[in-house]
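*Asks:* Take a look at start.cif, mmCIF, C-alpha atoms:
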data_structure
loop_
_atom_site.label_atom_id
_atom_site.label_comp_id
_atom_site.auth_asym_id
_atom_site.auth_seq_id
_atom_site.Cartn_x
_atom_site.Cartn_y
_atom_site.Cartn_z
CA MET A 1 72.91 91.20 117.94
CA TYR A 2 71.34 94.65 117.70
CA LEU A 3 68.77 94.03 114.95
CA GLU A 4 65.68 93.59 117.12
CA TYR A 5 66.64 96.52 119.33
CA TRP A 6 66.78 98.94 116.40
CA GLY A 7 63.88 97.33 114.51
CA LEU A 8 66.03 96.11 111.61
CA GLU A 9 65.67 93.06 109.38
CA ALA A 10 69.32 92.94 108.32
CA ARG A 11 72.61 94.56 109.27
CA PRO A 12 72.62 97.71 107.15
CA PHE A 13 76.34 98.38 107.26
CA GLU A 14 77.97 94.96 107.11
CA SER A 15 80.54 94.24 104.42
CA ALA A 16 78.54 91.50 102.65
CA ARG A 17 78.12 92.24 98.94
CA ASP A 18 74.36 92.67 98.74
CA PRO A 19 73.33 94.57 95.57
CA ARG A 20 70.24 95.92 97.34
CA PHE A 21 72.47 98.18 99.37
CA LEU A 22 74.16 99.90 96.42
CA PHE A 23 73.65 103.64 96.83
CA LYS A 24 73.46 105.25 93.41
CA SER A 25 75.47 108.40 93.94
CA GLN A 26 76.20 110.64 90.99
CA SER A 27 79.54 108.92 90.29
CA VAL A 28 77.95 105.45 90.59
CA GLU A 29 75.16 106.37 88.18
CA LEU A 30 77.67 107.71 85.66
CA ALA A 31 79.89 104.63 85.99
CA LEU A 32 76.97 102.26 85.40
CA LEU A 33 75.96 104.29 82.36
CA LYS A 34 79.47 103.97 80.90
CA LEU A 35 79.66 100.24 81.59
CA GLU A 36 76.32 99.65 79.89
CA HIS A 37 77.31 101.88 76.96
CA VAL A 38 80.45 99.88 76.22
CA VAL A 39 78.46 96.64 76.06
CA ARG A 40 75.53 98.06 74.14
CA GLU A 41 77.63 99.94 71.58
CA ARG A 42 80.10 97.06 71.16
CA GLN A 43 83.10 99.10 72.21
CA PRO A 44 86.22 97.20 73.27
CA ALA A 45 86.90 98.14 76.88
CA VAL A 46 86.03 100.34 79.85
CA LEU A 47 88.22 101.26 82.82
CA LEU A 48 86.68 101.60 86.28
CA THR A 49 88.94 103.01 88.99
CA GLY A 50 88.70 104.55 92.44
CA ALA A 51 90.16 104.52 95.91
CA ALA A 52 89.71 101.46 98.11
CA GLY A 53 86.37 101.37 99.88
CA CYS A 54 84.44 103.49 97.38
CA GLY A 55 82.21 100.65 96.16
CA LYS A 56 83.68 99.38 92.87
CA THR A 57 83.11 95.71 93.65
CA LEU A 58 79.49 96.19 94.74
CA LEU A 59 78.83 98.24 91.61
CA LEU A 60 80.22 95.38 89.50
CA ASP A 61 77.91 92.97 91.36
CA VAL A 62 74.91 95.05 90.30
CA PHE A 63 76.20 95.37 86.75
CA GLY A 64 76.82 91.63 86.57
CA GLU A 65 73.30 90.89 87.78
CA SER A 66 71.83 93.04 85.01
CA LEU A 67 73.93 91.18 82.43
CA ALA A 68 72.82 87.82 83.81
CA ARG A 69 69.16 88.84 83.52
CA ASP A 70 69.77 89.62 79.84
CA GLY A 71 71.44 86.26 79.28
CA THR A 72 74.80 87.87 78.50
CA PRO A 73 77.76 85.44 78.62
CA LEU A 74 79.82 86.72 81.55
CA ALA A 75 83.17 85.82 83.06
CA ARG A 76 84.26 87.61 86.22
CA ILE A 77 87.67 87.22 87.75
CA ASP A 78 88.48 88.78 91.12
CA ALA A 79 91.97 89.86 92.17
CA PRO A 80 93.75 88.44 89.13
CA ALA A 81 97.30 88.43 90.54
CA MET A 82 98.29 85.82 88.00
CA ASP A 83 100.44 85.37 84.94
CA ALA A 84 99.20 85.04 81.35
CA VAL A 85 98.72 81.26 81.56
CA ASP A 86 96.67 81.34 84.75
CA LEU A 87 94.62 84.26 83.45
CA LEU A 88 93.84 82.48 80.19
CA VAL A 89 92.69 79.41 82.13
CA ALA A 90 90.52 81.55 84.43
CA VAL A 91 88.91 83.33 81.47
CA ALA A 92 88.25 80.03 79.69
CA ARG A 93 86.64 78.57 82.80
CA GLY A 94 84.61 81.73 83.30
CA PHE A 95 83.12 81.42 79.83
CA GLY A 96 82.52 77.70 80.23
CA VAL A 97 85.03 76.45 77.66
CA PRO A 98 84.68 72.64 77.63
CA LYS A 99 87.58 70.56 78.92
CA THR A 100 89.52 73.51 80.31
CA PRO A 101 92.59 71.95 82.03
CA GLN A 102 92.46 71.73 85.80
CA ALA A 103 96.23 71.60 86.26
CA ARG A 104 98.62 74.22 84.97
CA SER A 105 100.94 71.50 83.70
CA GLU A 106 98.18 70.34 81.34
CA VAL A 107 97.68 73.74 79.70
CA LEU A 108 98.47 74.01 76.00
CA LEU A 109 98.19 77.70 75.15
CA GLU A 110 97.33 77.55 71.47
CA PRO A 111 94.57 74.90 71.71
CA LEU A 112 93.05 76.61 74.76
CA SER A 113 93.15 80.03 73.10
CA ARG A 114 91.50 78.53 70.02
CA SER A 115 88.77 76.88 72.11
CA LEU A 116 88.12 80.17 73.92
CA GLY A 117 87.90 82.01 70.61
CA GLU A 118 85.38 79.48 69.30
CA ARG A 119 83.29 79.86 72.44
CA LEU A 120 83.19 83.64 72.07
CA LYS A 121 82.40 83.36 68.37
CA GLU A 122 79.47 81.05 69.12
CA ALA A 123 78.05 83.61 71.55
CA ALA A 124 78.44 86.40 68.98
CA GLU A 125 76.70 84.35 66.29
CA ALA A 126 73.84 83.83 68.73
CA GLY A 127 73.54 87.60 69.06
CA LYS A 128 75.14 87.78 72.49
CA ARG A 129 78.30 89.72 73.12
CA ALA A 130 80.32 88.26 75.98
CA VAL A 131 81.60 90.44 78.82
CA LEU A 132 84.82 89.87 80.75
CA ILE A 133 85.18 91.64 84.11
CA LEU A 134 88.54 91.78 85.86
CA ASP A 135 88.24 93.21 89.37
CA ASP A 136 91.30 94.40 91.34
CA ALA A 137 93.19 94.41 88.06
CA GLN A 138 95.98 96.51 89.57
CA ALA A 139 97.15 93.23 91.12
CA MET A 140 98.15 91.92 87.71
CA GLY A 141 101.92 92.18 87.46
CA ASP A 142 102.71 90.14 84.36
CA PRO A 143 102.91 92.28 81.19
CA ALA A 144 102.19 89.13 79.17
CA ALA A 145 98.80 88.88 80.89
CA PHE A 146 97.88 92.36 79.68
CA GLU A 147 99.13 91.47 76.23
CA MET A 148 96.90 88.40 76.28
CA LEU A 149 93.92 90.64 77.03
CA LYS A 150 94.78 92.87 74.08
CA THR A 151 94.92 89.84 71.81
CA LEU A 152 91.57 88.64 73.15
CA LEU A 153 89.99 91.99 72.25
CA GLU A 154 91.19 91.66 68.67
CA GLY A 155 89.70 88.25 67.98
CA GLU A 156 86.45 87.43 66.26
CA GLY A 157 83.58 87.64 68.72
CA SER A 158 85.80 89.62 71.10
CA PRO A 159 84.25 90.29 74.53
CA ALA A 160 83.66 93.66 76.12
CA LEU A 161 86.39 94.08 78.73
CA VAL A 162 85.79 95.78 82.07
CA LEU A 163 89.04 96.52 83.91
CA SER A 164 88.45 97.58 87.50
CA GLY A 165 90.98 98.52 90.13
CA GLY A 166 92.62 101.11 92.31
CA ASP A 167 93.85 104.41 90.97
CA GLU A 168 97.31 102.89 90.46
CA LEU A 169 95.83 100.86 87.59
CA VAL A 170 95.77 104.04 85.48
CA GLU A 171 99.53 104.41 85.75
CA LYS A 172 100.10 100.72 85.05
CA LEU A 173 98.05 100.88 81.87
CA SER A 174 99.85 104.02 80.73
CA ARG A 175 102.95 101.85 80.33
CA MET A 176 101.02 99.39 78.13
CA GLU A 177 100.07 101.57 75.22
CA THR A 178 98.59 98.89 72.98
CA LEU A 179 96.03 97.81 75.61
CA SER A 180 95.43 101.36 76.83
CA GLN A 181 94.39 102.35 73.31
CA LYS A 182 91.61 99.75 73.48
CA ILE A 183 89.95 101.54 76.40
CA SER A 184 87.10 103.57 74.94
CA SER A 185 85.59 104.81 78.20
CA ARG A 186 86.78 105.59 81.71
CA ALA A 187 84.87 105.98 84.97
CA ARG A 188 86.06 106.75 88.49
CA LEU A 189 84.31 106.31 91.82
CA GLY A 190 85.28 108.97 94.31
CA PRO A 191 84.20 109.70 97.87
CA LEU A 192 80.61 110.74 98.48
CA THR A 193 79.76 114.36 99.02
CA ARG A 194 78.59 115.43 102.47
CA THR A 195 74.97 115.34 101.32
CA GLU A 196 75.44 111.96 99.59
CA SER A 197 77.06 110.53 102.73
CA LYS A 198 73.94 111.32 104.77
CA GLN A 199 71.68 109.98 102.02
CA TYR A 200 73.82 106.82 101.93
CA ILE A 201 73.18 106.22 105.63
CA LEU A 202 69.43 106.67 105.22
CA HIS A 203 69.36 104.44 102.13
CA ARG A 204 71.09 101.57 103.87
CA LEU A 205 68.90 101.83 106.94
CA SER A 206 65.78 101.85 104.76
CA VAL A 207 66.87 98.75 102.83
CA ALA A 208 67.53 97.03 106.15
CA GLY A 209 63.94 97.69 107.24
CA SER A 210 64.33 100.75 109.45
CA LYS A 211 61.03 102.49 110.15
CA ARG A 212 62.34 105.24 112.44
CA GLY A 213 65.23 107.63 112.80
CA ILE A 214 68.25 106.07 114.46
CA PHE A 215 71.04 108.58 113.86
CA THR A 216 70.41 112.21 114.75
CA ALA A 217 71.10 114.81 112.07
CA SER A 218 74.22 115.97 113.91
CA ALA A 219 75.45 112.36 114.18
CA ALA A 220 75.02 111.91 110.42
CA ASP A 221 76.98 115.13 109.86
CA ARG A 222 79.75 113.83 112.10
CA ILE A 223 79.89 110.51 110.24
CA ALA A 224 80.14 112.35 106.92
CA ASP A 225 83.05 114.42 108.24
CA LEU A 226 84.95 111.59 109.91
CA SER A 227 84.55 109.17 106.99
CA ARG A 228 85.42 111.78 104.39
CA GLY A 229 82.73 110.25 102.22
CA VAL A 230 84.35 106.81 101.86
CA PRO A 231 81.52 104.23 102.02
CA ARG A 232 83.67 101.59 103.72
CA ARG A 233 84.51 104.02 106.52
CA ILE A 234 80.87 105.07 106.82
CA ASN A 235 79.90 101.40 107.18
CA ARG A 236 82.47 100.80 109.88
CA LEU A 237 81.47 103.86 111.90
CA CYS A 238 77.73 103.18 111.61
CA ASP A 239 77.92 99.47 112.38
CA THR A 240 80.02 100.06 115.49
CA ALA A 241 77.72 102.92 116.53
CA LEU A 242 74.64 100.70 116.27
CA LEU A 243 76.30 98.11 118.48
CA THR A 244 77.40 100.75 120.98
CA GLY A 245 73.97 102.36 121.06
CA PHE A 246 72.41 98.96 121.71
CA GLY A 247 74.86 98.28 124.53
CA LEU A 248 74.12 101.66 126.13
CA GLU A 249 70.36 101.25 125.55
CA LEU A 250 70.09 104.56 123.72
CA ALA A 251 66.94 105.72 121.94
CA LYS A 252 68.97 107.45 119.23
CA ILE A 253 72.61 107.77 118.28
CA GLY A 254 74.09 111.24 118.64
CA PRO A 255 77.47 112.74 117.68
CA SER A 256 79.09 111.88 121.03
CA VAL A 257 78.62 108.18 120.27
CA ILE A 258 80.16 108.66 116.82
CA ASP A 259 83.21 110.34 118.38
CA MET A 260 83.47 107.49 120.86
CA VAL A 261 83.42 104.74 118.24
CA ALA A 262 85.72 106.70 115.94
CA ALA A 263 88.33 106.80 118.70
CA ASP A 264 87.97 103.04 119.17
CA ILE A 265 88.28 102.36 115.44
CA GLU A 266 91.21 104.68 114.81
CA GLY A 267 93.09 103.66 117.97
CA PRO A 268 95.42 105.81 120.07
CA PRO A 269 97.19 108.72 118.35
CA GLY A 270 100.01 107.53 116.13
CA GLU A 271 98.53 104.08 115.54
CA SER A 272 95.97 104.90 112.87
CA THR A 273 96.71 103.65 109.38
CA GLU A 274 94.26 106.07 107.78
CA ALA A 275 94.29 109.81 107.32
CA PRO A 276 93.16 111.76 110.41
CA PRO A 277 89.50 112.73 110.40
CA ALA A 278 88.42 116.16 109.28
CA PRO A 279 87.67 118.59 112.10
CA ALA A 280 84.08 119.05 113.17
CA PRO A 281 82.32 122.02 111.59
#
Do you think you could lay out the structure here as structure tokens?
*Replies:*
Amino acid sequence: MYLEYWGLEARPFESARDPRFLFKSQSVELALLKLEHVVRERQPAVLLTGAAGCGKTLLLDVFGESLARDGTPLARIDAPAMDAVDLLVAVARGFGVPKTPQARSEVLLEPLSRSLGERLKEAAEAGKRAVLILDDAQAMGDPAAFEMLKTLLEGEGSPALVLSGGDELVEKLSRMETLSQKISSRARLGPLTRTESKQYILHRLSVAGSKRGIFTASAADRIADLSRGVPRRINRLCDTALLTGFGLELAKIGPSVIDMVAADIEGPPGESTEAPPAPAP
């Protein structure tokens, strides 16, 4: 709706998972380095955690694209709130195991586990180490599913495992010592710094084709403060501000517009489900 008005080719702050928009903050750069290290050095597993909205899923999209370019066998499972049987089937399908059962009632655990092991061994013999990514892994509630992952890491041609989820995943794994011991590297995505928050806004606008300043410096400062550096909150504030600025036919977006849209997003006092914004400097 507002693209032509602001001279944009795409919505810079929408929630679509477009790897072009990944902003490589210091914590993102370090996380990518650790993910790549685990695969390259043939270590068993890496844990990626962070608060909701800090960009874990988009980072995994970028990481997965790099693996695909290298021809790395990859299975990615999102929100695996499933038991051990369903997880085994999902992993087998992800790695392209032939004749993986479509119905749960048709699953025979031992034959399917053996077929998966053979598939992984074939990849290893071809010089390719498979990678298994489980996103939102904190949703897994079945201890047997975690045990299945541990067993998978001990087999011949074992894949590199990337476990990604909210901070609560750390506590969950602490109660599963045998799998926790397999984790050789840990990375955490935290909120952006104030400077990174402003760079994030500029980066996204640039990727979307912006050729001029849209947010004033004081507006960017206000967004950084109100969002507390959480990319998802920055996106929501900026997207709504662009729409509001278009509706008001503004030349630029200043801090008063940010305060206006923040009030709309947060709702009346007492109704917000998020922490109150930090005070203005």
*Asks:* Carefully work through the PyMOL selection byres ((chain A and resi 244) around 10) for this structure and note down the residues it includes, as a tab-separated table (two decimals) with C-alpha atoms, in the coordinates of the input.
*Replies:*
chain	number	residue	atom	x	y	z
A	2	TYR	CA	71.34	94.65	117.70
A	238	CYS	CA	77.73	103.18	111.61
A	239	ASP	CA	77.92	99.47	112.38
A	240	THR	CA	80.02	100.06	115.49
A	241	ALA	CA	77.72	102.92	116.53
A	242	LEU	CA	74.64	100.70	116.27
A	243	LEU	CA	76.30	98.11	118.48
A	245	GLY	CA	73.97	102.36	121.06
A	246	PHE	CA	72.41	98.96	121.71
A	247	GLY	CA	74.86	98.28	124.53
A	248	LEU	CA	74.12	101.66	126.13
A	249	GLU	CA	70.36	101.25	125.55
A	250	LEU	CA	70.09	104.56	123.72
A	253	ILE	CA	72.61	107.77	118.28
A	257	VAL	CA	78.62	108.18	120.27
A	258	ILE	CA	80.16	108.66	116.82
A	260	MET	CA	83.47	107.49	120.86
A	261	VAL	CA	83.42	104.74	118.24
*Asks:* Can you give me, as a PyMOL selection string, the residues this file yields under the PyMOL selection byres ((chain A and resi 176) around 12)?
*Replies:* chain A and resi 141-150+169-175+177-183
*Asks:* Quick one: what's the axis-aligned box for segment 99-106 of chain A, all listed atoms, 5 Å on every side, centre and edges in Å to one decimal, as AutoDock Vina command-line options?
*Replies:*
--center_x 94.3 --center_y 72.3 --center_z 82.6 --size_x 23.4 --size_y 13.9 --size_z 17.3
*Asks:* Step by step: start from the point (85.6, 111.8, 96.6) in the file's coordinates, keep every protein, DNA or RNA residue that has an atom no farther than 12 Å from it, count only C-alpha atoms, and write the set as a PDB file with C-alpha atoms, keeping the file's coordinate frame.
*Replies:*
ATOM      1  CA  SER A  25      75.470 108.400  93.940  1.00  0.00           C
ATOM      2  CA  GLN A  26      76.200 110.640  90.990  1.00  0.00           C
ATOM      3  CA  SER A  27      79.540 108.920  90.290  1.00  0.00           C
ATOM      4  CA  VAL A  28      77.950 105.450  90.590  1.00  0.00           C
ATOM      5  CA  GLY A  50      88.700 104.550  92.440  1.00  0.00           C
ATOM      6  CA  ALA A  51      90.160 104.520  95.910  1.00  0.00           C
ATOM      7  CA  ALA A  52      89.710 101.460  98.110  1.00  0.00           C
ATOM      8  CA  GLY A  53      86.370 101.370  99.880  1.00  0.00           C
ATOM      9  CA  CYS A  54      84.440 103.490  97.380  1.00  0.00           C
ATOM     10  CA  GLY A  55      82.210 100.650  96.160  1.00  0.00           C
ATOM     11  CA  ARG A 188      86.060 106.750  88.490  1.00  0.00           C
ATOM     12  CA  LEU A 189      84.310 106.310  91.820  1.00  0.00           C
ATOM     13  CA  GLY A 190      85.280 108.970  94.310  1.00  0.00           C
ATOM     14  CA  PRO A 191      84.200 109.700  97.870  1.00  0.00           C
ATOM     15  CA  LEU A 192      80.610 110.740  98.480  1.00  0.00           C
ATOM     16  CA  THR A 193      79.760 114.360  99.020  1.00  0.00           C
ATOM     17  CA  ARG A 194      78.590 115.430 102.470  1.00  0.00           C
ATOM     18  CA  GLU A 196      75.440 111.960  99.590  1.00  0.00           C
ATOM     19  CA  SER A 197      77.060 110.530 102.730  1.00  0.00           C
ATOM     20  CA  ALA A 224      80.140 112.350 106.920  1.00  0.00           C
ATOM     21  CA  SER A 227      84.550 109.170 106.990  1.00  0.00           C
ATOM     22  CA  ARG A 228      85.420 111.780 104.390  1.00  0.00           C
ATOM     23  CA  GLY A 229      82.730 110.250 102.220  1.00  0.00           C
ATOM     24  CA  VAL A 230      84.350 106.810 101.860  1.00  0.00           C
ATOM     25  CA  PRO A 231      81.520 104.230 102.020  1.00  0.00           C
TER      26      PRO A 231
END
*Asks:* Given the choices A:Leu59, A:Leu88, A:Leu32, A:Ile133, which gets closest to Pro73 of chain A if the distance is worked out from all atoms listed in the file?
*Replies:* A:Ile133
*Asks:* I want to know what sits within 12 Å of Glu106 of chain A, based on all atoms listed in the file, with residues of the same chain fewer than 6 positions away left out; could you give that as a ChimeraX atom specification?
*Replies:* /A:85-86,89,99-100,112
*Asks:* Between A:Gly157, A:Gly64, A:Gly165, A:Pro255, which is the closest to Gln138 of chain A once you count only C-alpha atoms?
*Replies:*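 Between A:Gly157, A:Gly64, A:Gly165, A:Pro255, the residue approaching Gln138 of chain A most closely is A:Gly165.
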*Asks:* Would you compute the distance between atom CA of Arg204 of chain A and atom CA of Pro12 of chain A? Give it in Å to one decimal.
*Replies:*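 Atom-to-atom, atom CA of Arg204 of chain A to atom CA of Pro12 of chain A, that is 5.3 Å.
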*Asks:* Quote the spacing between atom CA of Ile234 of chain A and atom CA of Asp61 of chain A in Å to one decimal place.
*Replies:*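 Those two atoms sit 19.9 Å apart.
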*Asks:* Kindly indicate which residue among A:Leu163, A:Leu3, A:Leu237, A:Ala90 lies nearest to Lys56 of chain A, using only C-alpha atoms for the distances.
*Replies:*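 Of all the options, A:Leu163 lies closest to Lys56 of chain A.
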*Asks:* Work out how far apart atom CA of Phe63 of chain A and atom CA of Ile223 of chain A are and give it in Å to one decimal.
*Replies:*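 One can read the atom CA of Phe63 of chain A to atom CA of Ile223 of chain A distance as 28.2 Å.
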*Asks:* Could you give me, as a ChimeraX atom specification, the residues that sit within 10 Å of (82.9, 88.2, 85.4) in the file's coordinates, counting only C-alpha atoms?
*Replies:* /A:60-61,63-64,67,73-78,91,94-95,130-135,161-162
*Asks:* Output C-alpha atoms for every residue in the selection just made, as a compact mmCIF listing (two decimals), keeping the file's coordinate frame.
*Replies:*
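This is the output file selection_17.txt:
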# COMPACT_ATOMS: atom_id res chain seq x y z
CA LEU A 60 80.22 95.38 89.50
CA ASP A 61 77.91 92.97 91.36
CA PHE A 63 76.20 95.37 86.75
CA GLY A 64 76.82 91.63 86.57
CA LEU A 67 73.93 91.18 82.43
CA PRO A 73 77.76 85.44 78.62
CA LEU A 74 79.82 86.72 81.55
CA ALA A 75 83.17 85.82 83.06
CA ARG A 76 84.26 87.61 86.22
CA ILE A 77 87.67 87.22 87.75
CA ASP A 78 88.48 88.78 91.12
CA VAL A 91 88.91 83.33 81.47
CA GLY A 94 84.61 81.73 83.30
CA PHE A 95 83.12 81.42 79.83
CA ALA A 130 80.32 88.26 75.98
CA VAL A 131 81.60 90.44 78.82
CA LEU A 132 84.82 89.87 80.75
CA ILE A 133 85.18 91.64 84.11
CA LEU A 134 88.54 91.78 85.86
CA ASP A 135 88.24 93.21 89.37
CA LEU A 161 86.39 94.08 78.73
CA VAL A 162 85.79 95.78 82.07
*Asks:* Specify as a PyMOL selection string each residue included when the PyMOL selection byres ((chain A and resi 7) around 8) is applied to this file.
*Replies:* chain A and resi 3-6+8-9+209-211
*Asks:* Choose the residue, out of A:Arg236, A:Ser184, A:Tyr200, A:Ser218, that has the smallest atom-to-atom separation from Val38 of chain A; count only C-alpha atoms.
*Replies:*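 Between A:Arg236, A:Ser184, A:Tyr200, A:Ser218, the residue approaching Val38 of chain A most closely is A:Ser184.
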*Asks:* Can you work out which one of A:Val207, A:Leu58, A:Ala160, A:Ala220 has the shortest atom-to-atom distance to Ser15 of chain A, counting all atoms listed in the file?
*Replies:*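 Nearest to Ser15 of chain A: A:Leu58.
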*Asks:* Counting only C-alpha atoms, which residue out of A:Ala68, A:Lys128, A:Ile201, A:Thr216 sits closest to Pro159 of chain A?
*Replies:*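 The shortest atom-to-atom distance to Pro159 of chain A comes from A:Lys128.
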*Asks:* Since the input is missing atoms, can you rebuild N, CA and C atoms for segment 216-227 of chain A and write them as a CSV table (one decimal), in the coordinates of the input?
*Replies:*
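Contents of result31.csv, freshly written:
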chain,number,residue,atom,x,y,z
A,216,THR,N,70.9,110.8,114.8
A,216,THR,CA,70.4,112.2,114.8
A,216,THR,C,71.1,112.9,113.6
A,217,ALA,N,70.5,114.1,113.2
A,217,ALA,CA,71.1,114.8,112.1
A,217,ALA,C,72.5,115.2,112.3
A,218,SER,N,72.8,115.6,113.6
A,218,SER,CA,74.2,116.0,113.9
A,218,SER,C,75.2,114.8,113.9
A,219,ALA,N,74.6,113.6,114.2
A,219,ALA,CA,75.4,112.4,114.2
A,219,ALA,C,75.8,112.0,112.7
A,220,ALA,N,74.8,112.2,111.8
A,220,ALA,CA,75.0,111.9,110.4
A,220,ALA,C,76.1,112.9,109.9
A,221,ASP,N,76.0,114.2,110.3
A,221,ASP,CA,77.0,115.1,109.9
A,221,ASP,C,78.4,114.7,110.3
A,222,ARG,N,78.4,114.2,111.6
A,222,ARG,CA,79.8,113.8,112.1
A,222,ARG,C,80.3,112.6,111.4
A,223,ILE,N,79.5,111.7,111.0
A,223,ILE,CA,79.9,110.5,110.2
A,223,ILE,C,80.4,110.9,108.9
A,224,ALA,N,79.7,111.9,108.2
A,224,ALA,CA,80.1,112.4,106.9
A,224,ALA,C,81.5,113.0,107.0
A,225,ASP,N,81.8,113.7,108.1
A,225,ASP,CA,83.0,114.4,108.2
A,225,ASP,C,84.2,113.4,108.5
A,226,LEU,N,83.9,112.5,109.5
A,226,LEU,CA,85.0,111.6,109.9
A,226,LEU,C,85.3,110.6,108.8
A,227,SER,N,84.3,110.2,108.0
A,227,SER,CA,84.6,109.2,107.0
A,227,SER,C,85.1,109.8,105.7
